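Engineer: This one is model15.txt, compact mmCIF, C-alpha atoms.
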# COMPACT_ATOMS: atom_id res chain seq x y z
CA MET A 150 -17.72 -48.51 -48.20
CA ARG A 151 -21.18 -46.96 -47.99
CA TYR A 152 -21.06 -47.34 -44.19
CA PHE A 153 -17.67 -45.62 -44.09
CA LEU A 154 -18.95 -42.70 -46.21
CA LEU A 155 -22.01 -42.41 -43.97
CA LEU A 156 -19.77 -42.09 -40.91
CA ILE A 157 -17.72 -39.36 -42.62
CA TYR A 158 -20.93 -37.52 -43.57
CA MET A 159 -22.30 -37.76 -40.02
CA GLY A 160 -19.00 -36.46 -38.65
CA LEU A 161 -19.10 -33.48 -41.02
CA VAL A 162 -22.69 -32.72 -40.03
CA PHE A 163 -21.81 -32.94 -36.32
CA ASN A 164 -18.78 -30.64 -36.67
CA THR A 165 -20.81 -28.13 -38.67
CA ALA A 166 -23.60 -28.15 -36.11
CA ALA A 167 -21.08 -27.69 -33.31
CA ARG A 168 -19.50 -24.73 -35.10
CA ILE A 169 -22.93 -23.17 -35.69
CA GLN A 170 -23.90 -23.68 -32.03
CA ALA A 171 -20.63 -22.16 -30.81
CA GLN A 172 -20.99 -19.23 -33.15
CA THR A 173 -24.56 -18.65 -32.02
CA LEU A 174 -23.48 -18.76 -28.37
CA ASP A 175 -20.68 -16.27 -29.07
CA GLU A 176 -23.09 -13.98 -30.85
CA THR A 177 -25.64 -14.25 -28.04
CA TYR A 178 -23.02 -13.39 -25.44
CA ALA A 179 -21.81 -10.43 -27.53
CA PHE A 180 -25.41 -9.29 -27.91
CA ALA A 181 -25.94 -9.52 -24.15
CA ASN A 182 -22.85 -7.35 -23.63
CA SER A 183 -24.10 -4.78 -26.12
CA LEU A 184 -27.45 -4.63 -24.32
CA PHE A 185 -25.66 -4.13 -21.01
CA GLU A 186 -23.43 -1.39 -22.40
CA SER A 187 -26.48 0.42 -23.77
CA ASN A 188 -28.07 0.29 -20.26
CA ASN A 189 -30.78 -2.11 -21.40
CA TYR A 190 -30.35 -4.16 -18.24
CA ALA A 191 -33.65 -6.04 -18.21
CA PHE A 192 -33.08 -7.50 -21.69
CA ALA A 193 -29.39 -8.02 -20.98
CA LEU A 194 -30.34 -10.08 -17.93
CA LYS A 195 -32.59 -12.36 -19.98
CA THR A 196 -29.92 -12.74 -22.65
CA TYR A 197 -27.19 -13.66 -20.15
CA GLU A 198 -29.57 -16.23 -18.68
CA ARG A 199 -30.01 -17.66 -22.19
CA VAL A 200 -26.24 -17.91 -22.62
CA LEU A 201 -25.97 -19.79 -19.33
CA PHE A 202 -28.72 -22.17 -20.35
CA PHE A 203 -27.04 -23.15 -23.63
CA ASP A 204 -23.43 -22.92 -22.43
CA LYS A 205 -22.86 -26.62 -21.82
CA SER A 206 -19.07 -26.20 -21.69
CA ALA A 207 -19.30 -23.40 -19.09
CA GLN A 208 -17.26 -21.17 -21.38
CA TYR A 209 -19.05 -17.99 -20.28
CA GLN A 210 -20.29 -19.14 -16.90
CA SER A 211 -18.23 -16.94 -14.57
CA ASP A 212 -18.66 -13.86 -16.77
CA CYS A 213 -22.42 -14.36 -17.00
CA TYR A 214 -22.76 -14.82 -13.25
CA TYR A 215 -20.96 -11.53 -12.66
CA GLN A 216 -22.94 -9.68 -15.32
CA LEU A 217 -26.20 -11.10 -13.95
CA GLY A 218 -25.17 -9.75 -10.56
CA GLU A 219 -24.59 -6.34 -12.13
CA CYS A 220 -27.95 -6.37 -13.95
CA ASN A 221 -29.85 -7.33 -10.81
CA LEU A 222 -28.00 -4.71 -8.78
CA VAL A 223 -28.96 -1.93 -11.18
CA LEU A 224 -32.54 -3.20 -11.40
CA GLY A 225 -32.89 -3.18 -7.61
CA ASN A 226 -33.03 -6.97 -7.21
CA TYR A 227 -30.38 -6.91 -4.49
CA GLN A 228 -30.95 -10.43 -3.17
CA ASN A 229 -30.58 -11.89 -6.66
CA ALA A 230 -27.49 -9.75 -7.19
CA GLU A 231 -25.93 -11.15 -4.02
CA ASN A 232 -26.64 -14.72 -5.14
CA TYR A 233 -25.05 -14.23 -8.57
CA TYR A 234 -22.00 -12.51 -7.09
CA ASP A 235 -21.57 -15.56 -4.87
CA LEU A 236 -21.68 -17.83 -7.91
CA ALA A 237 -19.23 -15.60 -9.76
CA TYR A 238 -16.86 -15.58 -6.77
CA HIS A 239 -16.69 -19.37 -6.65
CA ASN A 240 -16.04 -19.59 -10.39
CA VAL A 241 -12.95 -17.37 -10.58
CA SER A 242 -9.45 -18.00 -9.23
CA ASP A 243 -7.85 -14.59 -9.67
CA ASP A 244 -7.60 -12.82 -6.28
CA SER A 245 -8.06 -9.38 -7.84
CA LEU A 246 -11.32 -10.46 -9.47
CA LYS A 247 -12.45 -12.09 -6.25
CA ASN A 248 -11.91 -8.82 -4.39
CA GLU A 249 -13.89 -6.88 -6.97
CA ILE A 250 -16.76 -9.35 -6.72
CA ILE A 251 -16.75 -8.99 -2.92
CA PHE A 252 -17.00 -5.21 -3.27
CA ARG A 253 -20.01 -5.58 -5.57
CA LYS A 254 -21.61 -8.09 -3.20
CA VAL A 255 -21.06 -5.70 -0.28
CA ILE A 256 -22.99 -3.00 -2.15
CA SER A 257 -25.93 -5.41 -2.45
CA LEU A 258 -25.76 -6.24 1.26
CA LEU A 259 -25.61 -2.58 2.30
CA LEU A 260 -28.62 -1.81 0.12
CA LEU A 261 -30.42 -4.73 1.78
CA GLN A 262 -29.46 -3.12 5.13
CA ARG A 263 -27.66 -6.31 6.13
CA TYR A 264 -24.81 -4.38 7.67
CA ASN A 265 -23.32 -7.23 9.71
CA ASP A 266 -23.09 -9.43 6.63
CA GLY A 267 -21.47 -6.56 4.76
CA LEU A 268 -18.84 -6.20 7.49
CA ILE A 269 -18.09 -9.93 7.38
CA GLU A 270 -17.47 -9.73 3.63
CA LEU A 271 -15.25 -6.65 3.97
CA PHE A 272 -13.13 -8.31 6.64
CA GLN A 273 -12.63 -11.28 4.32
CA LEU A 274 -10.96 -9.15 1.66
CA GLY A 275 -7.39 -10.17 0.88
CA ASN A 276 -4.28 -8.23 1.84
CA ASN A 277 -3.33 -7.46 -1.75
CA LEU A 278 -5.57 -4.40 -2.02
CA ASN A 279 -4.31 -1.38 -3.91
CA LYS A 280 -4.77 2.20 -2.68
CA GLU A 281 -8.10 2.66 -4.47
CA GLN A 282 -9.45 -0.63 -3.10
CA LEU A 283 -8.32 0.24 0.44
CA GLN A 284 -10.27 3.50 0.20
CA ARG A 285 -13.35 1.64 -1.05
CA LYS A 286 -13.06 -0.78 1.84
CA GLN A 287 -12.90 2.09 4.33
CA PHE A 288 -15.82 3.83 2.65
CA TYR A 289 -18.05 0.74 2.84
CA LEU A 290 -16.95 0.07 6.43
CA GLY A 291 -18.02 3.61 7.33
CA ILE A 292 -21.41 3.07 5.71
CA ALA A 293 -21.91 -0.28 7.44
CA TYR A 294 -21.13 1.12 10.89
CA PHE A 295 -23.38 4.12 10.27
CA GLY A 296 -26.17 1.73 9.32
CA LYS A 297 -25.55 -0.16 12.58
CA GLU A 298 -25.92 3.18 14.36
CA GLN A 299 -22.33 3.06 15.59
CA PHE A 300 -21.98 6.66 14.50
CA ASP A 301 -18.72 7.68 16.20
CA LYS A 302 -16.94 4.60 14.84
CA SER A 303 -18.34 5.40 11.41
CA PHE A 304 -17.05 8.98 11.58
CA ASP A 305 -13.60 7.79 12.63
CA ILE A 306 -13.46 5.66 9.49
CA PHE A 307 -14.84 8.36 7.21
CA LYS A 308 -12.18 10.78 8.45
CA THR A 309 -9.43 8.47 7.20
CA LEU A 310 -10.73 9.12 3.68
CA VAL A 311 -10.20 12.89 3.97
CA GLU A 312 -7.28 13.00 6.42
CA ASN A 313 -5.26 15.31 4.14
CA ASP A 314 -8.15 17.74 3.66
CA SER A 315 -8.43 20.06 6.68
CA THR A 316 -11.64 21.64 5.39
CA ALA A 317 -13.36 18.27 5.01
CA LEU A 318 -12.14 17.14 8.43
CA THR A 319 -13.64 20.27 10.01
CA GLU A 320 -16.95 19.64 8.22
CA LEU A 321 -16.99 16.04 9.42
CA ASP A 322 -16.30 17.18 12.99
CA ILE A 323 -19.31 19.49 12.81
CA LEU A 324 -21.50 16.72 11.41
CA GLN A 325 -20.27 14.30 14.08
CA ASN A 326 -21.23 16.77 16.81
CA LYS A 327 -24.64 17.11 15.21
CA SER A 328 -25.01 13.33 15.09
CA GLN A 329 -24.11 13.06 18.76
CA LYS A 330 -26.77 15.63 19.67
CA ILE A 331 -29.35 13.73 17.65
CA GLU A 332 -28.50 10.54 19.54
CA LYS A 333 -29.28 12.31 22.82
CA ILE A 334 -32.93 12.50 21.80
CA ASN A 335 -34.61 9.80 23.90
CA PRO A 336 -37.96 8.42 22.67
CA LYS A 337 -38.82 7.34 26.23
CA THR A 338 -38.28 10.90 27.42
CA ALA A 339 -40.61 12.14 24.67
CA ARG A 340 -43.25 9.70 25.89
CA ILE A 341 -42.95 10.80 29.53
CA LEU A 342 -43.03 14.50 28.65
CA SER A 343 -46.26 14.03 26.69
CA MET A 344 -47.74 12.12 29.60
CA ILE A 345 -47.03 15.13 31.83
CA ILE A 346 -47.88 17.86 29.30
CA PRO A 347 -49.66 16.72 26.11
CA GLY A 348 -47.63 17.78 23.06
CA ALA A 349 -44.41 18.41 25.00
CA GLY A 350 -42.85 15.14 23.81
CA GLN A 351 -43.46 15.96 20.16
CA MET A 352 -41.88 19.39 20.65
CA TYR A 353 -38.92 17.78 22.43
CA ALA A 354 -38.44 15.56 19.37
CA GLY A 355 -38.52 18.59 17.08
CA ASP A 356 -42.04 18.22 15.66
CA PHE A 357 -43.59 21.46 16.90
CA LYS A 358 -46.60 21.24 14.60
CA SER A 359 -47.67 17.83 15.95
CA GLY A 360 -46.93 18.99 19.48
CA LEU A 361 -49.15 22.07 19.18
CA ASN A 362 -51.91 20.01 17.57
CA SER A 363 -51.78 17.44 20.36
CA MET A 364 -51.73 20.14 23.02
CA ALA A 365 -54.69 22.00 21.48
CA LEU A 366 -56.75 18.85 20.89
CA THR A 367 -56.19 17.30 24.31
CA GLY A 368 -56.58 20.66 26.03
CA GLY A 369 -59.81 21.35 24.15
CA ILE A 370 -61.30 18.02 25.19
CA ALA A 371 -60.24 18.65 28.81
CA VAL A 372 -61.98 22.04 28.78
CA PHE A 373 -65.10 20.50 27.26
CA MET A 374 -65.12 17.79 29.95
CA LEU A 375 -64.88 20.53 32.62
CA VAL A 376 -67.80 22.41 31.05
CA VAL A 377 -69.94 19.26 31.06
CA ALA A 378 -68.99 18.57 34.68
CA ILE A 379 -69.97 22.10 35.74
CA ASN A 380 -73.27 22.10 33.85
CA TYR A 381 -74.28 18.54 34.59
CA SER A 382 -72.20 16.36 36.83
CA PHE A 383 -68.71 14.91 37.09
CA PHE A 384 -70.20 11.49 36.41
CA ASP A 385 -71.81 12.72 33.15
CA ALA A 386 -68.55 14.34 32.11
CA PHE A 387 -66.57 11.21 32.89
CA LEU A 388 -69.05 8.97 31.10
CA SER A 389 -69.42 11.05 27.94
CA VAL A 390 -66.09 12.81 27.43
CA SER A 391 -63.38 10.85 29.25
CA PRO A 392 -63.22 8.05 26.62
CA TRP A 393 -62.31 10.68 24.01
CA PHE A 394 -59.85 12.37 26.32
CA THR A 395 -58.20 9.03 27.19
CA ARG A 396 -58.01 8.07 23.54
CA TYR A 397 -56.27 11.28 22.41
CA TYR A 398 -54.18 11.58 25.56
CA MET A 399 -52.81 8.04 25.20
CA GLY A 400 -52.45 8.44 21.47
CA GLY A 401 -50.51 11.63 22.10
CA TYR A 402 -47.81 10.19 24.32
CA GLU A 403 -47.55 6.98 22.30
CA GLY A 404 -47.28 9.09 19.15
CA ALA A 405 -44.61 11.26 20.77
CA GLU A 406 -42.37 8.21 21.23
CA LYS A 407 -42.86 7.13 17.62
CA ILE A 408 -42.22 10.66 16.36
CA ALA A 409 -38.98 10.82 18.36
CA ILE A 410 -37.79 7.55 16.81
CA GLN A 411 -38.74 8.71 13.30
CA LYS A 412 -37.18 12.16 13.78
CA LYS A 413 -33.91 10.61 14.92
CA LYS A 414 -33.79 8.47 11.80
CA GLU A 415 -34.61 11.39 9.52
CA LYS A 416 -31.99 13.64 11.11
CA GLN A 417 -29.30 10.95 11.04
CA THR A 418 -30.14 10.27 7.38
CA GLU A 419 -29.66 13.95 6.65
CA VAL A 420 -26.29 13.86 8.45
CA TYR A 421 -25.31 10.75 6.45
CA GLN A 422 -26.16 12.42 3.15
CA ASN A 423 -24.08 15.45 4.14
CA VAL A 424 -21.16 13.18 5.06
CA LEU A 425 -21.25 11.61 1.60
CA GLN A 426 -21.26 15.07 0.03
CA VAL A 427 -18.23 16.13 2.08
CA ILE A 428 -16.30 13.02 1.04
CA LYS A 429 -17.31 13.46 -2.58
CA ARG A 430 -16.18 17.11 -2.64
CA SER A 431 -12.90 16.22 -0.92
CA GLN A 432 -12.06 13.49 -3.42
CA ALA A 433 -12.92 15.79 -6.32
CA ARG A 434 -10.37 18.39 -5.19
Represent the structure of the file as structure tokens.

Structural biologist:
Amino acid sequence: MRYFLLLIYMGLVFNTAARIQAQTLDETYAFANSLFESNNYAFALKTYERVLFFDKSAQYQSDCYYQLGECNLVLGNYQNAENYYDLAYHNVSDDSLKNEIIFRKVISLLLLQRYNDGLIELFQLGNNLNKEQLQRKQFYLGIAYFGKEQFDKSFDIFKTLVENDSTALTELDILQNKSQKIEKINPKTARILSMIIPGAGQMYAGDFKSGLNSMALTGGIAVFMLVVAINYSFFDAFLSVSPWFTRYYMGGYEGAEKIAIQKKKEKQTEVYQNVLQVIKRSQAR
């Protein structure tokens, strides 16, 4: 009889402990959600991790994976975000949720500048996309192709988002023309021009200040070398001044190529930002 009562007592204790543990897990998950909703993402992340650690029945597993992806995305931990979105994707069966997780993962990939991987994910999206999801897909495709420097293809996609807005289409046409002109800037040409005329390559790339500085510096050294040659000898001029001239001359044309590459990126980034503004204004109308 005593053994039987002991078993009943142990069963009651076990059930009570289980209820307390479940309640604590529920409360922890609710607390994590409240932290997330209040934009306290760093603490929310730690709390979701705690829920995962104690969630032996995997009750909150898929939700926590997704929320951990969201926290890491906001906090700039894009690689971690991608990993958690992957885990969330493989723990849900609903196609609509799967599509949403792919969209969030694509954002992480685009921010990581892994444009090819982003395109692969976008092409894997199901066919049951609603109008809003189709627009998001097109928007991310446009971004991915722009990142891959396939600018005309990117513009063709962006235009589908504003096809009923003639003003926005005209603005995108102007920006596309600007982008095409930027692409005509050739870093190799900048290098050759600065080899012929120091500073010319920088000016060709649009950096007139650097071009004038290079022209003045290299020209000044050349004049000084000529003065030394006249007053002493060509050998003295070559021995004492030519190393400096060679250094700045070579640095000038090598710098011209780098400046051309950098200027192209800066100008295309400016075009990209303007494109996003056009699309934003169009969708707000």

Engineer: Might I get the box with edges along x, y and z of the file that holds all atoms of range 224-241 of chain A listed there, padded by 5 Å on every side, given as centre and edge lengths in Å to one decimal, as AutoDock Vina command-line options?

Structural biologist:
--center_x -23.0 --center_y -11.4 --center_z -7.3 --size_x 30.1 --size_y 26.4 --size_z 18.2

Engineer: What does the distance from CA of Lys297 in chain A to CA of Gly355 in chain A come to in Å, to one decimal?

Structural biologist: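 According to the coordinates, CA of Lys297 in chain A and CA of Gly355 in chain A are separated by 23.2 Å.
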
Engineer: What's the separation between CA of Asp244 in chain A and CA of Leu222 in chain A, in Å to one decimal place?

Structural biologist: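 These two atoms are separated by 22.1 Å.
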
Engineer: Name the closest residue to Asp305 in chain A among the candidates A:Gln273, A:Gln262, A:Gln287, A:Asn221; distances are taken between atoms, counting only C-alpha atoms.

Structural biologist: A:Gln287

Engineer: Which of these, A:Gln282, A:Gln351, A:Asn335, A:Ser431, has the shortest distance to Lys413 in chain A once you count all atoms listed in the file?

Structural biologist: A:Asn335

Engineer: If we count only C-alpha atoms and set the cut-off at 9 Å, which residues sit around Gly225 in chain A, ignoring sequence neighbours fewer than 4 positions away in its own chain? Please answer as a short mmCIF file (atom, residue, chain, number, x, y, z; two decimals) with C-alpha atoms, keeping the file's coordinate frame.

Structural biologist:
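Wrote around.cif, looks like this:
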data_model
loop_
_atom_site.label_atom_id
_atom_site.label_comp_id
_atom_site.auth_asym_id
_atom_site.auth_seq_id
_atom_site.Cartn_x
_atom_site.Cartn_y
_atom_site.Cartn_z
CA CYS A 220 -27.95 -6.37 -13.95
CA ASN A 221 -29.85 -7.33 -10.81
CA ALA A 230 -27.49 -9.75 -7.19
CA SER A 257 -25.93 -5.41 -2.45
CA LEU A 260 -28.62 -1.81 0.12
#

Engineer: Residues within 12 Å of (-39.3, 7.1, 14.7), file coordinates, counting all atoms listed in the file: what are they? Give the list as a list in words.

Structural biologist: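 Residues with an atom close enough to that point: Ile334, Asn335, Pro336, Lys337, Ala339, Gln351, Ala354, Gly355, Asp356, Glu403, Gly404, Ala405, Glu406, Lys407, Ile408, Ala409, Ile410, Gln411, Lys412, Lys413, Lys414, Glu415, Lys416 and Gln417 of chain A.
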
Engineer: Which residues, written as a PyMOL selection string, have at least one atom at most 8 Å from Tyr190 in chain A, with only C-alpha atoms counted and residues fewer than 4 positions away on the same chain left out?

Structural biologist: chain A and resi 184-185+194+220+223-224

Engineer: Select, from A:Ile251, A:Leu246, A:Leu324, A:Leu201, the residue with the minimum atom-to-atom distance to Asp175 in chain A, counting all atoms listed in the file.

Structural biologist: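 Using all atoms listed in the file, the shortest distance to Asp175 in chain A belongs to A:Leu201.
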
Engineer: Nearest to Thr316 in chain A: which of A:Tyr233, A:Tyr197, A:Gly400, A:Ile428 is it, counting only C-alpha atoms?

Structural biologist: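 Of the candidates, the smallest distance to Thr316 in chain A is held by A:Ile428.
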
Engineer: Give me, please, the distance in Å between CA of Ile306 in chain A and CA of Gly291 in chain A, quoted to one decimal.

Structural biologist: 5.4 Å

Engineer: I want to know what sits within 9 Å of Ser303 in chain A, based on only C-alpha atoms, with residues of the same chain fewer than 2 positions away left out; could you give that as a PyMOL selection string?

Structural biologist: chain A and resi 290-296+298-301+305-308

Engineer: Taking 3 positions as the minimum chain separation for residues in the same chain, which residues sit within 12 Å of Asp322 in chain A when counting only C-alpha atoms? Answer as JSON, numbers by chain.

Structural biologist: {"A": [301, 304, 305, 307, 308, 311, 312, 315, 316, 317, 318, 319, 325, 326, 327, 328, 329, 420, 423, 424, 427]}

Engineer: Export C-alpha atoms of the chosen residues as an mmCIF file, keeping the file's coordinate frame?

Structural biologist:
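Saved as out02.cif:
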data_model
loop_
_atom_site.group_PDB
_atom_site.id
_atom_site.type_symbol
_atom_site.label_atom_id
_atom_site.label_comp_id
_atom_site.auth_asym_id
_atom_site.auth_seq_id
_atom_site.Cartn_x
_atom_site.Cartn_y
_atom_site.Cartn_z
ATOM 1 C CA ASP A 301 -18.720 7.680 16.200
ATOM 2 C CA PHE A 304 -17.050 8.980 11.580
ATOM 3 C CA ASP A 305 -13.600 7.790 12.630
ATOM 4 C CA PHE A 307 -14.840 8.360 7.210
ATOM 5 C CA LYS A 308 -12.180 10.780 8.450
ATOM 6 C CA VAL A 311 -10.200 12.890 3.970
ATOM 7 C CA GLU A 312 -7.280 13.000 6.420
ATOM 8 C CA SER A 315 -8.430 20.060 6.680
ATOM 9 C CA THR A 316 -11.640 21.640 5.390
ATOM 10 C CA ALA A 317 -13.360 18.270 5.010
ATOM 11 C CA LEU A 318 -12.140 17.140 8.430
ATOM 12 C CA THR A 319 -13.640 20.270 10.010
ATOM 13 C CA GLN A 325 -20.270 14.300 14.080
ATOM 14 C CA ASN A 326 -21.230 16.770 16.810
ATOM 15 C CA LYS A 327 -24.640 17.110 15.210
ATOM 16 C CA SER A 328 -25.010 13.330 15.090
ATOM 17 C CA GLN A 329 -24.110 13.060 18.760
ATOM 18 C CA VAL A 420 -26.290 13.860 8.450
ATOM 19 C CA ASN A 423 -24.080 15.450 4.140
ATOM 20 C CA VAL A 424 -21.160 13.180 5.060
ATOM 21 C CA VAL A 427 -18.230 16.130 2.080
#
